[in-house]
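Everything below belongs to upload-v6.txt, which stores compact mmCIF, C-alpha atoms.
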```
# COMPACT_ATOMS: atom_id res chain seq x y z
CA MET A 26 -12.06 -43.42 -42.02
CA LYS A 27 -8.59 -42.23 -42.85
CA ARG A 28 -8.30 -40.73 -39.41
CA GLU A 29 -8.52 -43.99 -37.59
CA PRO A 30 -4.85 -44.86 -37.46
CA GLU A 31 -4.01 -41.49 -35.96
CA ILE A 32 -6.59 -41.78 -33.28
CA ARG A 33 -5.40 -45.27 -32.56
CA ILE A 34 -1.83 -44.02 -32.21
CA ALA A 35 -2.94 -41.25 -29.89
CA LEU A 36 -4.88 -43.69 -27.75
CA THR A 37 -2.00 -46.13 -27.68
CA VAL A 38 0.40 -43.41 -26.57
CA LEU A 39 -1.96 -42.30 -23.83
CA LEU A 40 -2.67 -45.82 -22.64
CA ALA A 41 0.99 -46.77 -22.69
CA ALA A 42 1.79 -43.64 -20.74
CA MET A 43 -0.90 -44.40 -18.20
CA VAL A 44 0.38 -47.91 -17.75
CA GLY A 45 3.88 -46.52 -17.38
CA LEU A 46 2.64 -44.23 -14.66
CA THR A 47 1.74 -47.02 -12.34
CA GLY A 48 5.43 -47.88 -12.29
CA CYS A 49 6.46 -44.34 -11.41
CA ALA A 50 7.46 -43.67 -7.87
CA THR A 51 5.42 -40.75 -6.61
CA THR A 52 7.67 -38.01 -5.35
CA ALA A 53 5.18 -35.20 -5.84
CA ASN A 54 4.11 -32.88 -3.08
CA ASN A 55 1.27 -31.20 -4.92
CA PRO A 56 -1.99 -33.13 -4.53
CA LYS A 57 -3.17 -31.92 -7.95
CA ASP A 58 -0.05 -33.33 -9.58
CA PRO A 59 0.48 -36.86 -8.24
CA PHE A 60 2.45 -37.97 -11.31
CA GLU A 61 4.93 -35.11 -11.23
CA GLY A 62 7.90 -37.38 -11.96
CA PHE A 63 6.35 -38.67 -15.16
CA ASN A 64 5.08 -35.22 -16.10
CA ARG A 65 8.47 -33.62 -15.71
CA ALA A 66 10.00 -36.28 -17.94
CA MET A 67 7.40 -35.57 -20.62
CA PHE A 68 7.96 -31.85 -20.15
CA ALA A 69 11.61 -32.43 -21.01
CA VAL A 70 10.60 -34.42 -24.09
CA ASN A 71 8.44 -31.55 -25.27
CA GLU A 72 11.18 -29.01 -24.70
CA GLY A 73 13.24 -31.17 -27.08
CA ILE A 74 10.52 -31.21 -29.72
CA ASP A 75 10.02 -27.49 -29.27
CA ALA A 76 13.67 -26.85 -30.06
CA VAL A 77 12.68 -27.75 -33.64
CA VAL A 78 9.19 -26.27 -33.79
CA LYS A 79 9.90 -22.92 -32.13
CA PRO A 80 12.45 -21.63 -34.69
CA VAL A 81 9.98 -22.43 -37.49
CA ALA A 82 7.22 -20.59 -35.64
CA LYS A 83 9.56 -17.64 -35.10
CA GLY A 84 10.41 -17.57 -38.79
CA TYR A 85 6.72 -17.65 -39.70
CA ASP A 86 5.94 -14.93 -37.19
CA ALA A 87 8.67 -12.69 -38.56
CA ALA A 88 8.03 -13.36 -42.25
CA ALA A 89 4.23 -13.39 -42.51
CA PRO A 90 2.59 -9.97 -42.58
CA LEU A 91 -0.13 -9.35 -40.01
CA PRO A 92 -3.07 -9.66 -42.47
CA VAL A 93 -1.83 -13.10 -43.54
CA LYS A 94 -1.59 -14.26 -39.95
CA VAL A 95 -5.05 -12.90 -39.25
CA VAL A 96 -6.51 -14.78 -42.24
CA ILE A 97 -4.86 -18.04 -41.18
CA GLY A 98 -6.04 -17.64 -37.60
CA ASN A 99 -9.58 -16.86 -38.77
CA PHE A 100 -9.66 -19.86 -41.11
CA PHE A 101 -8.83 -22.40 -38.40
CA GLY A 102 -11.02 -20.56 -35.91
CA ASN A 103 -14.00 -20.86 -38.25
CA LEU A 104 -13.51 -24.62 -38.54
CA TRP A 105 -13.75 -24.84 -34.78
CA ASP A 106 -16.78 -22.58 -34.28
CA LEU A 107 -19.28 -25.33 -35.15
CA TRP A 108 -17.84 -27.54 -32.42
CA THR A 109 -18.00 -24.56 -30.07
CA ALA A 110 -21.70 -24.28 -30.94
CA ALA A 111 -22.24 -27.97 -30.17
CA ASN A 112 -20.49 -27.62 -26.82
CA ASN A 113 -22.47 -24.52 -25.91
CA LEU A 114 -25.62 -26.48 -26.67
CA LEU A 115 -24.44 -29.37 -24.49
CA GLN A 116 -23.83 -26.88 -21.70
CA GLY A 117 -27.35 -25.51 -22.02
CA LYS A 118 -26.23 -22.17 -23.46
CA GLY A 119 -28.66 -22.11 -26.37
CA GLN A 120 -28.25 -18.44 -27.17
CA ASP A 121 -24.48 -18.75 -27.46
CA ALA A 122 -24.91 -21.85 -29.63
CA VAL A 123 -27.21 -20.01 -32.01
CA SER A 124 -24.74 -17.14 -32.18
CA ASP A 125 -21.90 -19.59 -32.95
CA VAL A 126 -23.86 -21.21 -35.78
CA GLY A 127 -24.58 -17.73 -37.09
CA ARG A 128 -20.85 -17.01 -37.03
CA VAL A 129 -20.07 -20.08 -39.13
CA LEU A 130 -22.77 -19.21 -41.68
CA VAL A 131 -21.68 -15.59 -41.97
CA ASN A 132 -17.94 -16.18 -41.96
CA SER A 133 -18.06 -19.13 -44.36
CA THR A 134 -19.99 -17.07 -46.93
CA LEU A 135 -19.45 -13.32 -46.52
CA GLY A 136 -16.16 -14.04 -44.81
CA ILE A 137 -14.97 -16.07 -47.84
CA GLY A 138 -14.51 -19.54 -46.40
CA GLY A 139 -13.66 -18.23 -42.94
CA ALA A 140 -10.77 -16.01 -44.03
CA PHE A 141 -12.40 -12.93 -42.54
CA ASP A 142 -14.19 -12.69 -39.24
CA VAL A 143 -17.10 -10.59 -40.49
CA ALA A 144 -19.36 -12.01 -37.79
CA SER A 145 -17.41 -10.39 -34.96
CA ASP A 146 -17.85 -7.01 -36.62
CA MET A 147 -21.58 -7.75 -36.74
CA GLY A 148 -21.61 -8.30 -33.00
CA LEU A 149 -21.54 -12.11 -32.98
CA SER A 150 -18.59 -12.43 -30.65
CA LYS A 151 -16.38 -15.50 -30.67
CA HIS A 152 -16.64 -18.03 -27.87
CA SER A 153 -14.10 -20.56 -26.84
CA GLU A 154 -15.48 -23.98 -25.94
CA ASP A 155 -14.30 -27.58 -26.04
CA PHE A 156 -15.53 -30.88 -24.68
CA GLY A 157 -13.30 -30.66 -21.60
CA GLN A 158 -15.14 -27.49 -20.60
CA THR A 159 -18.46 -29.19 -21.24
CA LEU A 160 -17.48 -32.02 -18.92
CA GLY A 161 -16.42 -29.42 -16.36
CA ARG A 162 -19.82 -27.75 -16.61
CA TRP A 163 -21.44 -31.11 -16.05
CA GLY A 164 -19.58 -31.37 -12.78
CA VAL A 165 -16.64 -33.57 -13.74
CA GLY A 166 -13.65 -32.60 -11.58
CA ASP A 167 -10.11 -31.95 -12.82
CA GLY A 168 -8.59 -35.25 -11.79
CA PRO A 169 -4.79 -35.59 -11.69
CA TYR A 170 -2.80 -33.19 -13.85
CA PHE A 171 -0.84 -34.57 -16.81
CA TYR A 172 1.81 -33.23 -19.10
CA TRP A 173 1.58 -35.25 -22.31
CA PRO A 174 4.19 -35.52 -25.03
CA VAL A 175 3.28 -33.28 -28.00
CA ILE A 176 -0.17 -32.41 -26.60
CA GLY A 177 1.10 -30.57 -23.52
CA PRO A 178 -0.74 -29.88 -20.26
CA ARG A 179 -4.16 -31.48 -19.65
CA THR A 180 -6.05 -32.47 -16.56
CA THR A 181 -7.49 -35.99 -16.67
CA ARG A 182 -10.87 -34.54 -17.56
CA ASP A 183 -9.40 -32.37 -20.29
CA THR A 184 -7.46 -35.34 -21.68
CA ALA A 185 -10.79 -37.12 -22.19
CA GLY A 186 -12.21 -33.91 -23.64
CA TRP A 187 -9.27 -33.61 -26.00
CA LEU A 188 -9.86 -37.12 -27.37
CA VAL A 189 -13.51 -36.27 -28.09
CA ASP A 190 -12.48 -32.94 -29.69
CA ASN A 191 -10.24 -34.93 -31.98
CA PHE A 192 -13.13 -36.93 -33.39
CA TYR A 193 -14.71 -33.65 -34.46
CA ASP A 194 -11.55 -32.04 -35.85
CA PRO A 195 -12.33 -31.28 -39.53
CA VAL A 196 -8.65 -31.24 -40.47
CA ARG A 197 -8.32 -34.88 -39.47
CA ARG A 198 -11.18 -35.78 -41.76
CA VAL A 199 -9.57 -34.41 -44.91
CA ASP A 200 -9.11 -37.40 -47.26
CA ASN A 201 -6.22 -36.02 -49.27
CA ILE A 202 -3.25 -36.90 -47.11
CA PRO A 203 -0.73 -34.28 -48.33
CA LEU A 204 -3.38 -31.60 -47.91
CA ARG A 205 -4.32 -32.88 -44.49
CA ASN A 206 -0.72 -32.91 -43.36
CA SER A 207 -0.12 -29.42 -44.71
CA LEU A 208 -3.17 -28.08 -42.89
CA ALA A 209 -2.15 -29.76 -39.65
CA GLY A 210 1.40 -28.43 -40.06
CA ILE A 211 0.29 -24.86 -40.72
CA ARG A 212 -2.06 -25.00 -37.79
CA LEU A 213 0.67 -26.27 -35.50
CA ILE A 214 3.03 -23.47 -36.53
CA ASP A 215 0.29 -20.85 -36.27
CA THR A 216 -0.62 -22.04 -32.78
CA ARG A 217 3.00 -22.14 -31.70
CA ALA A 218 3.62 -18.66 -33.08
CA SER A 219 0.67 -17.31 -31.11
CA LEU A 220 2.31 -18.58 -27.94
CA LEU A 221 5.64 -16.86 -28.58
CA PRO A 222 4.81 -13.76 -26.51
CA SER A 223 3.81 -15.88 -23.51
CA ASP A 224 7.10 -17.74 -23.80
CA LYS A 225 9.08 -14.65 -23.07
CA VAL A 226 7.01 -13.91 -20.00
CA VAL A 227 7.26 -17.43 -18.65
CA ASP A 228 11.02 -17.43 -19.22
CA GLU A 229 11.42 -14.37 -17.05
CA ALA A 230 8.63 -14.76 -14.53
CA ALA A 231 9.06 -18.43 -13.68
CA PHE A 232 11.43 -19.86 -11.11
CA ASP A 233 10.53 -23.26 -12.40
CA ARG A 234 8.94 -23.32 -15.85
CA TYR A 235 7.22 -26.63 -15.19
CA ASN A 236 5.51 -25.36 -12.03
CA TYR A 237 4.61 -22.02 -13.50
CA ILE A 238 2.98 -23.57 -16.57
CA ARG A 239 1.09 -26.14 -14.50
CA ASP A 240 -0.34 -23.59 -12.09
CA ALA A 241 -1.22 -21.15 -14.87
CA TYR A 242 -2.88 -23.92 -16.88
CA LEU A 243 -5.06 -24.98 -13.96
CA GLN A 244 -6.17 -21.40 -13.26
CA HIS A 245 -6.75 -20.71 -16.93
CA ARG A 246 -8.97 -23.78 -17.45
CA ARG A 247 -11.01 -22.97 -14.36
CA ASN A 248 -11.57 -19.51 -15.79
CA MET A 249 -12.67 -20.96 -19.15
CA ILE A 250 -15.14 -23.38 -17.60
CA PHE A 251 -16.78 -20.43 -15.86
CA ASP A 252 -16.70 -18.39 -19.09
CA GLY A 253 -14.40 -15.78 -17.62
CA ASN A 254 -16.35 -15.27 -14.39
CA PRO A 255 -15.13 -17.85 -11.88
CA PRO A 256 -16.15 -17.45 -8.27
CA ARG A 257 -13.38 -15.41 -6.65
CA GLU A 258 -11.04 -17.34 -4.43
CA ARG A 259 -10.46 -15.77 -1.07
CA PHE A 260 -7.01 -16.10 0.32
CA ASP A 261 -6.91 -15.84 4.04
CA ASP A 262 -3.46 -15.65 5.31
CA MET B 8 -3.36 -17.16 -25.57
CA LYS B 9 -1.43 -14.82 -27.64
CA SER B 10 -1.77 -13.11 -24.76
CA LEU B 11 0.17 -13.49 -21.74
CA LEU B 12 2.60 -11.09 -23.07
CA SER B 13 0.37 -8.61 -24.49
CA ILE B 14 -1.48 -8.88 -21.47
CA ILE B 15 1.04 -8.04 -19.44
CA PHE B 16 1.65 -4.90 -21.01
CA GLY B 17 -1.65 -4.14 -19.54
CA PHE B 18 -0.17 -4.67 -16.18
CA LEU B 19 1.86 -1.74 -16.87
CA VAL B 20 -1.10 -0.10 -17.40
CA LEU B 21 -1.81 1.36 -14.11
CA THR B 22 -0.68 4.75 -13.54
CA THR B 23 -0.28 8.38 -13.19
CA ALA B 24 -1.90 11.43 -11.90
CA THR B 25 -2.32 11.85 -8.26
CA LEU B 26 -5.68 13.32 -8.82
CA ALA B 27 -7.03 9.84 -9.33
CA GLN B 28 -7.24 9.58 -5.57
CA ASP B 29 -10.88 10.03 -4.90
CA ARG B 30 -11.87 8.34 -8.09
CA GLY B 31 -13.58 4.99 -8.40
CA PRO B 32 -11.45 1.90 -9.08
CA ASP B 33 -12.70 1.49 -12.64
CA ALA B 34 -11.93 5.10 -13.50
CA LEU B 35 -8.51 4.68 -11.93
CA VAL B 36 -7.70 1.59 -13.99
CA LYS B 37 -8.84 3.28 -17.15
CA GLN B 38 -6.90 6.43 -16.59
CA VAL B 39 -3.67 4.71 -15.70
CA THR B 40 -4.00 2.31 -18.63
CA GLU B 41 -4.61 5.06 -21.13
CA ASP B 42 -1.78 7.19 -19.80
CA VAL B 43 0.76 4.40 -20.01
CA LEU B 44 -0.37 3.23 -23.42
CA THR B 45 -0.25 6.74 -24.79
CA ILE B 46 3.35 7.06 -23.69
CA ALA B 47 4.30 3.56 -24.83
CA ARG B 48 2.81 4.13 -28.26
CA GLN B 49 4.73 7.33 -28.79
CA ASP B 50 8.04 6.27 -27.33
CA LYS B 51 10.34 4.96 -30.05
CA ASP B 52 12.74 3.42 -27.54
CA ILE B 53 10.01 1.38 -25.89
CA GLN B 54 8.64 0.30 -29.24
CA GLY B 55 12.16 -0.71 -30.20
CA GLY B 56 12.43 -3.03 -27.23
CA ASN B 57 14.20 -0.87 -24.65
CA THR B 58 13.31 -2.68 -21.45
CA ARG B 59 15.04 -0.22 -19.17
CA LYS B 60 12.95 2.64 -20.44
CA ALA B 61 9.76 0.59 -20.14
CA MET B 62 10.73 -0.21 -16.55
CA GLU B 63 11.11 3.47 -15.76
CA LEU B 64 7.69 4.12 -17.17
CA VAL B 65 6.19 1.38 -15.05
CA GLU B 66 7.97 2.50 -11.92
CA THR B 67 6.84 6.11 -12.15
CA LYS B 68 3.39 5.69 -13.61
CA VAL B 69 2.14 2.32 -12.42
CA LEU B 70 3.74 1.44 -9.12
CA PRO B 71 2.14 4.19 -7.06
CA TYR B 72 -1.19 2.46 -7.59
CA PHE B 73 -0.06 -0.98 -6.49
CA ASN B 74 -0.02 -2.39 -3.00
CA PHE B 75 3.09 -4.55 -3.16
CA GLN B 76 3.02 -5.56 0.47
CA ARG B 77 -0.40 -7.11 -0.06
CA MET B 78 0.60 -8.67 -3.40
CA THR B 79 3.61 -10.28 -1.81
CA SER B 80 1.62 -11.63 1.12
CA LEU B 81 -0.78 -13.27 -1.36
CA ALA B 82 2.08 -14.77 -3.34
CA VAL B 83 3.79 -16.16 -0.27
CA GLY B 84 0.69 -17.52 1.46
CA ARG B 85 0.62 -18.85 4.98
CA GLU B 86 4.37 -18.49 5.58
CA TRP B 87 4.01 -14.70 5.28
CA ASN B 88 2.87 -14.48 8.87
CA LYS B 89 6.09 -16.09 10.04
CA ALA B 90 8.19 -13.34 8.49
CA THR B 91 9.51 -10.43 10.54
CA ALA B 92 8.69 -6.86 9.52
CA ASP B 93 12.13 -6.54 7.99
CA GLN B 94 11.81 -9.79 6.07
CA LYS B 95 8.42 -8.70 4.76
CA LYS B 96 9.90 -5.48 3.51
CA ARG B 97 12.73 -7.24 1.72
CA LEU B 98 10.41 -9.82 0.23
CA ALA B 99 8.07 -7.15 -1.13
CA GLU B 100 11.03 -5.22 -2.54
CA GLU B 101 12.45 -8.23 -4.40
CA PHE B 102 9.06 -9.40 -5.63
CA LYS B 103 8.39 -5.92 -6.96
CA THR B 104 11.68 -5.90 -8.87
CA LEU B 105 10.84 -9.26 -10.42
CA LEU B 106 7.35 -8.27 -11.53
CA VAL B 107 8.36 -4.87 -12.86
CA ARG B 108 11.15 -6.36 -14.94
CA THR B 109 9.07 -9.18 -16.32
CA TYR B 110 6.18 -7.04 -17.27
CA SER B 111 8.05 -4.08 -18.60
CA ASN B 112 9.27 -6.39 -21.32
CA ALA B 113 5.70 -6.95 -22.31
CA LEU B 114 5.23 -3.26 -22.79
CA THR B 115 7.93 -3.21 -25.42
CA SER B 116 5.90 -5.62 -27.54
CA TYR B 117 2.81 -3.46 -27.40
CA LYS B 118 1.78 -2.73 -30.97
CA ASN B 119 -1.67 -3.30 -32.39
CA GLN B 120 -3.70 -3.92 -29.29
CA THR B 121 -6.45 -1.77 -27.87
CA VAL B 122 -8.12 -2.02 -24.49
CA SER B 123 -11.83 -2.23 -23.82
CA TYR B 124 -13.22 -1.52 -20.36
CA LYS B 125 -16.10 -3.54 -18.95
CA PRO B 126 -18.67 -1.85 -16.76
CA THR B 127 -17.94 -2.39 -13.07
CA LYS B 128 -20.77 -2.87 -10.63
CA LEU B 129 -19.79 -0.92 -7.56
CA GLN B 130 -21.60 0.01 -4.39
CA SER B 131 -20.42 2.80 -2.17
CA SER B 132 -19.79 0.33 0.66
CA ASP B 133 -17.47 -1.89 -1.44
CA THR B 134 -13.85 -2.07 -0.37
CA ASP B 135 -12.72 -4.89 -2.66
CA VAL B 136 -13.57 -4.94 -6.34
CA LEU B 137 -12.59 -6.59 -9.62
CA VAL B 138 -12.23 -4.27 -12.61
CA LYS B 139 -12.50 -6.16 -15.90
CA THR B 140 -10.86 -5.14 -19.14
CA GLU B 141 -10.10 -6.84 -22.42
CA ILE B 142 -7.14 -6.58 -24.73
CA ILE B 143 -8.40 -6.55 -28.29
CA GLN B 144 -5.97 -7.73 -30.95
CA PRO B 145 -6.55 -8.32 -34.63
CA GLY B 146 -6.88 -11.97 -35.64
CA SER B 147 -7.21 -13.51 -32.22
CA LYS B 148 -9.60 -13.74 -29.36
CA PRO B 149 -9.65 -10.83 -26.94
CA VAL B 150 -7.59 -11.45 -23.83
CA GLN B 151 -9.23 -10.97 -20.49
CA LEU B 152 -7.27 -8.72 -18.13
CA ASP B 153 -8.71 -8.09 -14.69
CA TYR B 154 -7.45 -5.99 -11.78
CA ALA B 155 -8.35 -6.67 -8.17
CA LEU B 156 -8.38 -3.47 -6.12
CA GLU B 157 -8.76 -2.81 -2.45
CA LYS B 158 -9.79 0.41 -0.76
CA GLN B 159 -7.49 1.80 1.90
CA GLY B 160 -8.92 4.91 3.42
CA GLU B 161 -9.97 6.91 0.40
CA THR B 162 -7.49 5.35 -2.00
CA TRP B 163 -7.90 2.32 -4.22
CA LYS B 164 -4.85 0.15 -4.81
CA VAL B 165 -4.32 -2.84 -7.07
CA TYR B 166 -3.32 -6.04 -5.30
CA ASP B 167 -3.73 -8.59 -8.09
CA VAL B 168 -3.60 -8.72 -11.86
CA ILE B 169 -5.38 -11.59 -13.55
CA VAL B 170 -4.59 -12.47 -17.15
CA ALA B 171 -6.90 -14.88 -18.95
CA GLY B 172 -7.91 -16.17 -15.54
CA VAL B 173 -4.33 -16.56 -14.35
CA SER B 174 -3.41 -14.49 -11.33
CA LEU B 175 0.11 -13.19 -11.76
CA VAL B 176 0.39 -13.16 -7.99
CA THR B 177 -1.14 -16.38 -6.74
CA ASN B 178 0.50 -18.31 -9.57
CA TYR B 179 3.66 -18.06 -7.43
CA ARG B 180 1.95 -19.49 -4.40
CA GLU B 181 3.02 -23.12 -4.80
CA THR B 182 6.60 -22.23 -5.59
CA PHE B 183 6.99 -19.62 -2.84
CA SER B 184 5.32 -21.50 -0.03
CA GLN B 185 7.30 -24.63 -0.87
CA GLU B 186 10.57 -22.70 -0.76
CA ALA B 187 9.61 -20.98 2.50
CA ARG B 188 8.65 -24.30 4.06
CA ASN B 189 11.89 -25.97 2.99
CA ASN B 190 14.40 -23.17 3.51
CA GLY B 191 12.63 -20.61 5.62
CA VAL B 192 11.69 -17.04 4.78
CA ASP B 193 15.36 -16.15 4.33
CA GLY B 194 15.68 -18.96 1.79
CA LEU B 195 12.77 -17.50 -0.14
CA ILE B 196 14.28 -14.00 -0.05
CA GLN B 197 17.56 -15.44 -1.30
CA MET B 198 15.77 -17.25 -4.14
CA LEU B 199 14.23 -13.95 -5.26
CA VAL B 200 17.51 -12.07 -4.93
CA ASN B 201 19.31 -14.68 -7.03
CA ARG B 202 16.65 -14.64 -9.72
CA ASN B 203 16.70 -10.85 -9.98
CA LYS B 204 20.49 -10.83 -10.24
CA GLN B 205 20.39 -13.49 -12.89
CA LEU B 206 17.85 -11.55 -14.98
CA GLU B 207 19.79 -8.33 -14.51
CA THR B 208 23.01 -9.81 -15.87
CA ALA B 209 21.28 -11.73 -18.64
CA LYS B 210 19.68 -8.60 -20.01
CA LYS B 211 22.59 -6.27 -20.15
```

Full structure transcribed into structure tokens:
Amino acid sequence: MKREPEIRIALTVLLAAMVGLTGCATTANNPKDPFEGFNRAMFAVNEGIDAVVKPVAKGYDAAAPLPVKVVIGNFFGNLWDLWTAANNLLQGKGQDAVSDVGRVLVNSTLGIGGAFDVASDMGLSKHSEDFGQTLGRWGVGDGPYFYWPVIGPRTTRDTAGWLVDNFYDPVRRVDNIPLRNSLAGIRLIDTRASLLPSDKVVDEAAFDRYNYIRDAYLQHRRNMIFDGNPPRERFDD
Amino acid sequence: MKSLLSIIFGFLVLTTATLAQDRGPDALVKQVTEDVLTIARQDKDIQGGNTRKAMELVETKVLPYFNFQRMTSLAVGREWNKATADQKKRLAEEFKTLLVRTYSNALTSYKNQTVSYKPTKLQSSDTDVLVKTEIIQPGSKPVQLDYALEKQGETWKVYDVIVAGVSLVTNYRETFSQEARNNGVDGLIQMLVNRNKQLETAKK
């Protein structure tokens, strides 16, 4: 029950933002991004937040030896595998779901609480699923693209998916508040650190970081929904 | 997505040996990848972050297997047809410079990754094929890295690189076509020229 206030805050932020949107003049020329004005403003907000988070992530990345980073990544990955299993089941991929449950059992025991990914070595490969992908499989379209404060890029469908994912999130259900906050903090830094290499690429490759990230996000999600095998788009020019 | 970067190093990955000519697209991708990675792993300058040296490696080993004209036409979209032959040439030249620079940097961060090659289903009549590979890195999910190749005569050439589902070429489509619509093909060329100059001076 401790998680309720956080969820409520998240919902309030999202609702407030959505209400705010109706007041935004639409200047966008991309049909997938009708709220570009709002999104760009939030993008700027996040760049501000990132000015604080990124140096910490860089410090972590430089200071922590590879095995430590691997253990931390495995630990949080293991927490998520059960939800991956549930989503695979919801998408009718029973075999993958069984494999995911097997991963959790193996990694939580032999892998010492998820610190080591023994299951992958045994041939139970890791999948990457969330409720947004499940909705996509069920035929729910992208809907308008959003760039949320803190959360980052999400289509409308993936925003709904993200809220459902949050109800599962084991870290949010930890009762001890200092522990919960520490876990959430470490996870945030670990996630941010894993994005550092992409940063450099985006900095150089992009003419407009906002555009580049939006278009890459949309392609990337499409690829995930199709489990890495999307129908190929033909470009006739 | 630890990835993009590491991924990119894979871009570099296409390369060498003219004898790859009558080889299948999957064999070509594998050979070029392995050649470049072998060099990158051994080269202390590249490991130490020397972008210029990585760029040289990419230019000599990788570029011969890329069809930049086709890549550029995909990135530009419909406006490509409005460009003159000369404009097309300049566009392709500038786009090449941009991609080589961006992705050579990725090569310098290549450390613990290995590449796994997926089997490619290929029929002798195929002229357009997707070769799938994966970048394996300790502690995170493998990153999908696919190459789209097209057969021209007897030679296969890469015309798109797709990282974790993101095409490095068509990701520019929105930006490029918008610029070409607003400021013409010359405006787009100028935008690329400016960006390349800016990156050149920022680096050195």

### Summary
Counting all atoms listed in the file, closest pick from A:Pro222, A:Val96, A:Asp167, A:Ala230 relative to A:Pro56 is A:Asp167

### Task
Between A:Gln158, A:Ser207, A:Asn132, A:Ser153, single out the one closest to chain B, counting only C-alpha atoms.
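Checking each of A:Gln158, A:Ser207, A:Asn132, A:Ser153 against chain B, counting only C-alpha atoms, the winner is A:Ser153.
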
### Which of A:Phe68, A:Tyr242, A:Trp187, A:Trp108 sits closest to chain B [using only C-alpha atoms]
A:Tyr242

#### Entry: Exercise answer, chain A residues close to chain B, 7 Å and all atoms listed in the file, as number ranges by chain
A: 95, 98-99, 219-220, 222-223, 226, 229-230, 237, 240-241, 244-245, 248, 253, 262

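In this model, the gap between atom CA of B:Gln159 and atom CA of B:Met62 comes to 26.0 Å.
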
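You will find atom CA of B:Glu101 at 21.4 Å from atom CA of B:Leu156.
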
### Task
List every protein, DNA or RNA residue with an atom no more than 6 Å from (-3.1, -5.8, -4.1) in the file's coordinates, counting only C-alpha atoms, and format the result as a count of residues only.
6

What box, with edges along x, y and z, holds each listed atom of stretch 181-184 of chain A when 5 Å is added on every side, and can you state its centre and edge lengths in Å to one decimal, as JSON?
```
{"center_x": -9.2, "center_y": -34.2, "center_z": -19.2, "size_x": 13.4, "size_y": 13.6, "size_z": 15.0}
```

### Message
Which residues are close to stretch 122-129 of chain B, i.e. within 12 Å by all atoms listed in the file, leaving aside same-chain residues fewer than 3 positions away? Reply as JSON, numbers by chain.
### Response
{"B": [13, 14, 16, 17, 18, 20, 31, 32, 33, 34, 35, 36, 37, 38, 39, 40, 41, 43, 44, 45, 117, 118, 119, 132, 133, 134, 135, 136, 137, 138, 139, 140, 141, 142, 143, 144, 149, 150, 151, 152, 153, 154, 155, 156]}

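Between atom CA of A:Arg179 and atom CA of A:Asn64 the separation is 10.6 Å.
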
### Message
Which residues are near A:Pro80? Cut-off 12 Å, only C-alpha atoms, ignore same chain within fewer than 5 positions. Put them as a ChimeraX atom specification.
### Response
/A:74-75,85-87,214,217-218,221

## Note on the structure
One residue among B:Val176, B:Val107, B:Val65, B:Ala209 is nearest to B:Thr79 when using all atoms listed in the file, and that residue is B:Val176

Could you please fill out stretch 180-191 of chain A with N, CA and C atoms and send it back as a PDB file, keeping the file's coordinate frame?
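Below you can see part_27.pdb, which holds the result:
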```pdb
ATOM      1  N   THR A 180      -5.596 -31.702 -17.707  1.00  0.00           N
ATOM      2  CA  THR A 180      -6.050 -32.470 -16.560  1.00  0.00           C
ATOM      3  C   THR A 180      -6.601 -33.792 -17.097  1.00  0.00           C
ATOM      4  N   THR A 181      -6.914 -34.728 -16.216  1.00  0.00           N
ATOM      5  CA  THR A 181      -7.490 -35.990 -16.670  1.00  0.00           C
ATOM      6  C   THR A 181      -8.785 -35.741 -17.436  1.00  0.00           C
ATOM      7  N   ARG A 182      -9.616 -34.861 -16.880  1.00  0.00           N
ATOM      8  CA  ARG A 182     -10.870 -34.540 -17.560  1.00  0.00           C
ATOM      9  C   ARG A 182     -10.612 -33.937 -18.940  1.00  0.00           C
ATOM     10  N   ASP A 183      -9.660 -33.021 -19.017  1.00  0.00           N
ATOM     11  CA  ASP A 183      -9.400 -32.370 -20.290  1.00  0.00           C
ATOM     12  C   ASP A 183      -8.702 -33.295 -21.289  1.00  0.00           C
ATOM     13  N   THR A 184      -8.036 -34.335 -20.784  1.00  0.00           N
ATOM     14  CA  THR A 184      -7.460 -35.340 -21.680  1.00  0.00           C
ATOM     15  C   THR A 184      -8.604 -36.083 -22.376  1.00  0.00           C
ATOM     16  N   ALA A 185      -9.617 -36.469 -21.613  1.00  0.00           N
ATOM     17  CA  ALA A 185     -10.790 -37.120 -22.190  1.00  0.00           C
ATOM     18  C   ALA A 185     -11.474 -36.167 -23.178  1.00  0.00           C
ATOM     19  N   GLY A 186     -11.598 -34.917 -22.769  1.00  0.00           N
ATOM     20  CA  GLY A 186     -12.210 -33.910 -23.640  1.00  0.00           C
ATOM     21  C   GLY A 186     -11.440 -33.755 -24.939  1.00  0.00           C
ATOM     22  N   TRP A 187     -10.117 -33.779 -24.821  1.00  0.00           N
ATOM     23  CA  TRP A 187      -9.270 -33.610 -26.000  1.00  0.00           C
ATOM     24  C   TRP A 187      -9.486 -34.754 -27.001  1.00  0.00           C
ATOM     25  N   LEU A 188      -9.630 -35.973 -26.483  1.00  0.00           N
ATOM     26  CA  LEU A 188      -9.860 -37.120 -27.370  1.00  0.00           C
ATOM     27  C   LEU A 188     -11.185 -36.950 -28.128  1.00  0.00           C
ATOM     28  N   VAL A 189     -12.214 -36.477 -27.426  1.00  0.00           N
ATOM     29  CA  VAL A 189     -13.510 -36.270 -28.090  1.00  0.00           C
ATOM     30  C   VAL A 189     -13.390 -35.137 -29.115  1.00  0.00           C
ATOM     31  N   ASP A 190     -12.699 -34.051 -28.745  1.00  0.00           N
ATOM     32  CA  ASP A 190     -12.480 -32.940 -29.690  1.00  0.00           C
ATOM     33  C   ASP A 190     -11.853 -33.441 -30.980  1.00  0.00           C
ATOM     34  N   ASN A 191     -10.954 -34.409 -30.829  1.00  0.00           N
ATOM     35  CA  ASN A 191     -10.240 -34.930 -31.980  1.00  0.00           C
ATOM     36  C   ASN A 191     -11.138 -35.640 -32.984  1.00  0.00           C
TER      37      ASN A 191
END
```
